[in-house]
Amino acid sequence: MPRFLTLADVCEQLQISAAQAYALVRSGELKAIQVGGRGQWRVEDVKLEEYIQESYAKTERMVAEQRRSRPADS
């Protein structure tokens with residue numbers, strides 16, 4: 001896999017739309033750089049992996065919180 005991915009590559013790997021990928025980058029949730037005169041976005045492969053791992057961690061925290069907030073069955 002190349003070191004830098006296009007947003008189209010990110011879309012394919014995460015199975016999301018171009019608008020969703022762009023929103024992740026613009027919000028700073030997914031770290032990216034702009035290159036070239038046209039300002040094309042590129043995401044380093046390790047940054048995409050970090051985003052994925054952090055998403056797993058967020059999901060785990062959310063699920064754990066939901067479990068804690070449920071009333072206990074009697």
# chains A, B, ... in the order shown; residues from 1 in each chain; ligands from 1
>>> select_by_dssp(residues="chain A", states="strand (DSSP E)", output="PDB file with all heavy atoms, in the first residue's frame")
ATOM      1  N   PHE A   4       0.798   7.441   1.104  1.00  0.00           N
ATOM      2  CA  PHE A   4      -0.275   8.430   1.107  1.00  0.00           C
ATOM      3  C   PHE A   4      -1.443   7.948   0.267  1.00  0.00           C
ATOM      4  O   PHE A   4      -1.258   7.405  -0.824  1.00  0.00           O
ATOM      5  CB  PHE A   4       0.225   9.784   0.590  1.00  0.00           C
ATOM      6  CG  PHE A   4       1.138  10.466   1.564  1.00  0.00           C
ATOM      7  CD1 PHE A   4       2.508  10.354   1.452  1.00  0.00           C
ATOM      8  CD2 PHE A   4       0.616  11.212   2.619  1.00  0.00           C
ATOM      9  CE1 PHE A   4       3.358  10.970   2.353  1.00  0.00           C
ATOM     10  CE2 PHE A   4       1.455  11.835   3.535  1.00  0.00           C
ATOM     11  CZ  PHE A   4       2.834  11.717   3.399  1.00  0.00           C
ATOM     12  N   LEU A   5      -2.636   8.174   0.787  1.00  0.00           N
ATOM     13  CA  LEU A   5      -3.862   7.760   0.124  1.00  0.00           C
ATOM     14  C   LEU A   5      -4.649   8.988  -0.318  1.00  0.00           C
ATOM     15  O   LEU A   5      -4.635  10.018   0.357  1.00  0.00           O
ATOM     16  CB  LEU A   5      -4.729   6.946   1.096  1.00  0.00           C
ATOM     17  CG  LEU A   5      -4.047   5.768   1.786  1.00  0.00           C
ATOM     18  CD1 LEU A   5      -4.923   5.233   2.901  1.00  0.00           C
ATOM     19  CD2 LEU A   5      -3.727   4.695   0.773  1.00  0.00           C
ATOM     20  N   THR A   6      -5.352   8.858  -1.408  1.00  0.00           N
ATOM     21  CA  THR A   6      -6.274   9.911  -1.826  1.00  0.00           C
ATOM     22  C   THR A   6      -7.551   9.775  -1.000  1.00  0.00           C
ATOM     23  O   THR A   6      -7.785   8.747  -0.349  1.00  0.00           O
ATOM     24  CB  THR A   6      -6.629   9.775  -3.314  1.00  0.00           C
ATOM     25  OG1 THR A   6      -7.353   8.547  -3.489  1.00  0.00           O
ATOM     26  CG2 THR A   6      -5.391   9.793  -4.196  1.00  0.00           C
ATOM     27  N   ILE A  33      -3.157  16.031   4.797  1.00  0.00           N
ATOM     28  CA  ILE A  33      -2.407  17.187   4.305  1.00  0.00           C
ATOM     29  C   ILE A  33      -2.919  17.550   2.923  1.00  0.00           C
ATOM     30  O   ILE A  33      -3.521  16.721   2.239  1.00  0.00           O
ATOM     31  CB  ILE A  33      -0.883  16.907   4.238  1.00  0.00           C
ATOM     32  CG1 ILE A  33      -0.585  15.721   3.308  1.00  0.00           C
ATOM     33  CG2 ILE A  33      -0.324  16.663   5.631  1.00  0.00           C
ATOM     34  CD1 ILE A  33       0.898  15.510   3.027  1.00  0.00           C
ATOM     35  N   GLN A  34      -2.687  18.790   2.539  1.00  0.00           N
ATOM     36  CA  GLN A  34      -2.992  19.223   1.181  1.00  0.00           C
ATOM     37  C   GLN A  34      -1.683  19.340   0.425  1.00  0.00           C
ATOM     38  O   GLN A  34      -0.703  19.885   0.948  1.00  0.00           O
ATOM     39  CB  GLN A  34      -3.727  20.555   1.173  1.00  0.00           C
ATOM     40  CG  GLN A  34      -5.184  20.415   1.522  1.00  0.00           C
ATOM     41  CD  GLN A  34      -5.936  21.705   1.319  1.00  0.00           C
ATOM     42  OE1 GLN A  34      -5.634  22.693   1.976  1.00  0.00           O
ATOM     43  NE2 GLN A  34      -6.896  21.703   0.423  1.00  0.00           N
ATOM     44  N   VAL A  35      -1.668  18.822  -0.791  1.00  0.00           N
ATOM     45  CA  VAL A  35      -0.456  18.853  -1.610  1.00  0.00           C
ATOM     46  C   VAL A  35      -0.769  19.421  -2.987  1.00  0.00           C
ATOM     47  O   VAL A  35      -1.897  19.356  -3.457  1.00  0.00           O
ATOM     48  CB  VAL A  35       0.171  17.440  -1.748  1.00  0.00           C
ATOM     49  CG1 VAL A  35       0.628  16.914  -0.411  1.00  0.00           C
ATOM     50  CG2 VAL A  35      -0.789  16.467  -2.405  1.00  0.00           C
ATOM     51  N   GLN A  40      -4.854  19.124  -3.347  1.00  0.00           N
ATOM     52  CA  GLN A  40      -5.432  17.784  -3.230  1.00  0.00           C
ATOM     53  C   GLN A  40      -5.137  17.197  -1.852  1.00  0.00           C
ATOM     54  O   GLN A  40      -4.020  17.298  -1.358  1.00  0.00           O
ATOM     55  CB  GLN A  40      -4.846  16.865  -4.309  1.00  0.00           C
ATOM     56  CG  GLN A  40      -5.160  17.306  -5.728  1.00  0.00           C
ATOM     57  CD  GLN A  40      -6.633  17.175  -6.036  1.00  0.00           C
ATOM     58  OE1 GLN A  40      -7.225  16.129  -5.827  1.00  0.00           O
ATOM     59  NE2 GLN A  40      -7.219  18.253  -6.520  1.00  0.00           N
ATOM     60  N   TRP A  41      -6.143  16.588  -1.235  1.00  0.00           N
ATOM     61  CA  TRP A  41      -5.975  15.996   0.083  1.00  0.00           C
ATOM     62  C   TRP A  41      -5.294  14.641  -0.012  1.00  0.00           C
ATOM     63  O   TRP A  41      -5.598  13.848  -0.905  1.00  0.00           O
ATOM     64  CB  TRP A  41      -7.325  15.814   0.767  1.00  0.00           C
ATOM     65  CG  TRP A  41      -7.942  17.095   1.217  1.00  0.00           C
ATOM     66  CD1 TRP A  41      -8.982  17.758   0.618  1.00  0.00           C
ATOM     67  CD2 TRP A  41      -7.578  17.875   2.347  1.00  0.00           C
ATOM     68  NE1 TRP A  41      -9.270  18.907   1.313  1.00  0.00           N
ATOM     69  CE2 TRP A  41      -8.415  19.002   2.388  1.00  0.00           C
ATOM     70  CE3 TRP A  41      -6.610  17.737   3.338  1.00  0.00           C
ATOM     71  CZ2 TRP A  41      -8.331  19.974   3.377  1.00  0.00           C
ATOM     72  CZ3 TRP A  41      -6.527  18.706   4.329  1.00  0.00           C
ATOM     73  CH2 TRP A  41      -7.375  19.812   4.335  1.00  0.00           C
ATOM     74  N   ARG A  42      -4.399  14.390   0.945  1.00  0.00           N
ATOM     75  CA  ARG A  42      -3.744  13.084   1.066  1.00  0.00           C
ATOM     76  C   ARG A  42      -3.746  12.690   2.536  1.00  0.00           C
ATOM     77  O   ARG A  42      -3.534  13.518   3.421  1.00  0.00           O
ATOM     78  CB  ARG A  42      -2.289  13.115   0.564  1.00  0.00           C
ATOM     79  CG  ARG A  42      -2.161  13.371  -0.927  1.00  0.00           C
ATOM     80  CD  ARG A  42      -2.717  12.213  -1.751  1.00  0.00           C
ATOM     81  NE  ARG A  42      -2.551  12.428  -3.174  1.00  0.00           N
ATOM     82  CZ  ARG A  42      -3.453  12.991  -3.970  1.00  0.00           C
ATOM     83  NH1 ARG A  42      -4.590  13.424  -3.472  1.00  0.00           N
ATOM     84  NH2 ARG A  42      -3.216  13.114  -5.255  1.00  0.00           N
ATOM     85  N   VAL A  43      -4.002  11.412   2.773  1.00  0.00           N
ATOM     86  CA  VAL A  43      -4.038  10.860   4.125  1.00  0.00           C
ATOM     87  C   VAL A  43      -2.935   9.818   4.223  1.00  0.00           C
ATOM     88  O   VAL A  43      -2.895   8.876   3.414  1.00  0.00           O
ATOM     89  CB  VAL A  43      -5.407  10.220   4.424  1.00  0.00           C
ATOM     90  CG1 VAL A  43      -5.425   9.589   5.810  1.00  0.00           C
ATOM     91  CG2 VAL A  43      -6.524  11.246   4.277  1.00  0.00           C
ATOM     92  N   GLU A  44      -2.056   9.996   5.177  1.00  0.00           N
ATOM     93  CA  GLU A  44      -0.992   9.017   5.366  1.00  0.00           C
ATOM     94  C   GLU A  44      -1.610   7.713   5.866  1.00  0.00           C
ATOM     95  O   GLU A  44      -2.527   7.729   6.693  1.00  0.00           O
ATOM     96  CB  GLU A  44       0.028   9.558   6.361  1.00  0.00           C
ATOM     97  CG  GLU A  44       1.315   8.782   6.379  1.00  0.00           C
ATOM     98  CD  GLU A  44       2.397   9.453   7.210  1.00  0.00           C
ATOM     99  OE1 GLU A  44       2.122  10.480   7.856  1.00  0.00           O
ATOM    100  OE2 GLU A  44       3.508   8.922   7.209  1.00  0.00           O
TER     101      GLU A  44
END
>>> atom_distance(atom1="CA of Glu60 (chain A)", atom2="CA of Glu29 (chain A)")
17.5 Å
>>> atom_distance(atom1="CA of Tyr51 (chain A)", atom2="CA of Leu30 (chain A)")
6.1 Å
>>> select_by_dssp(residues="chain A", states="alpha helix (DSSP H)", output="VMD selection string")
chain A and resid 7 to 14 18 to 27 45 to 69
>>> atom_distance(atom1="CA of Ser55 (chain A)", atom2="CA of Ala8 (chain A)")
19.6 Å
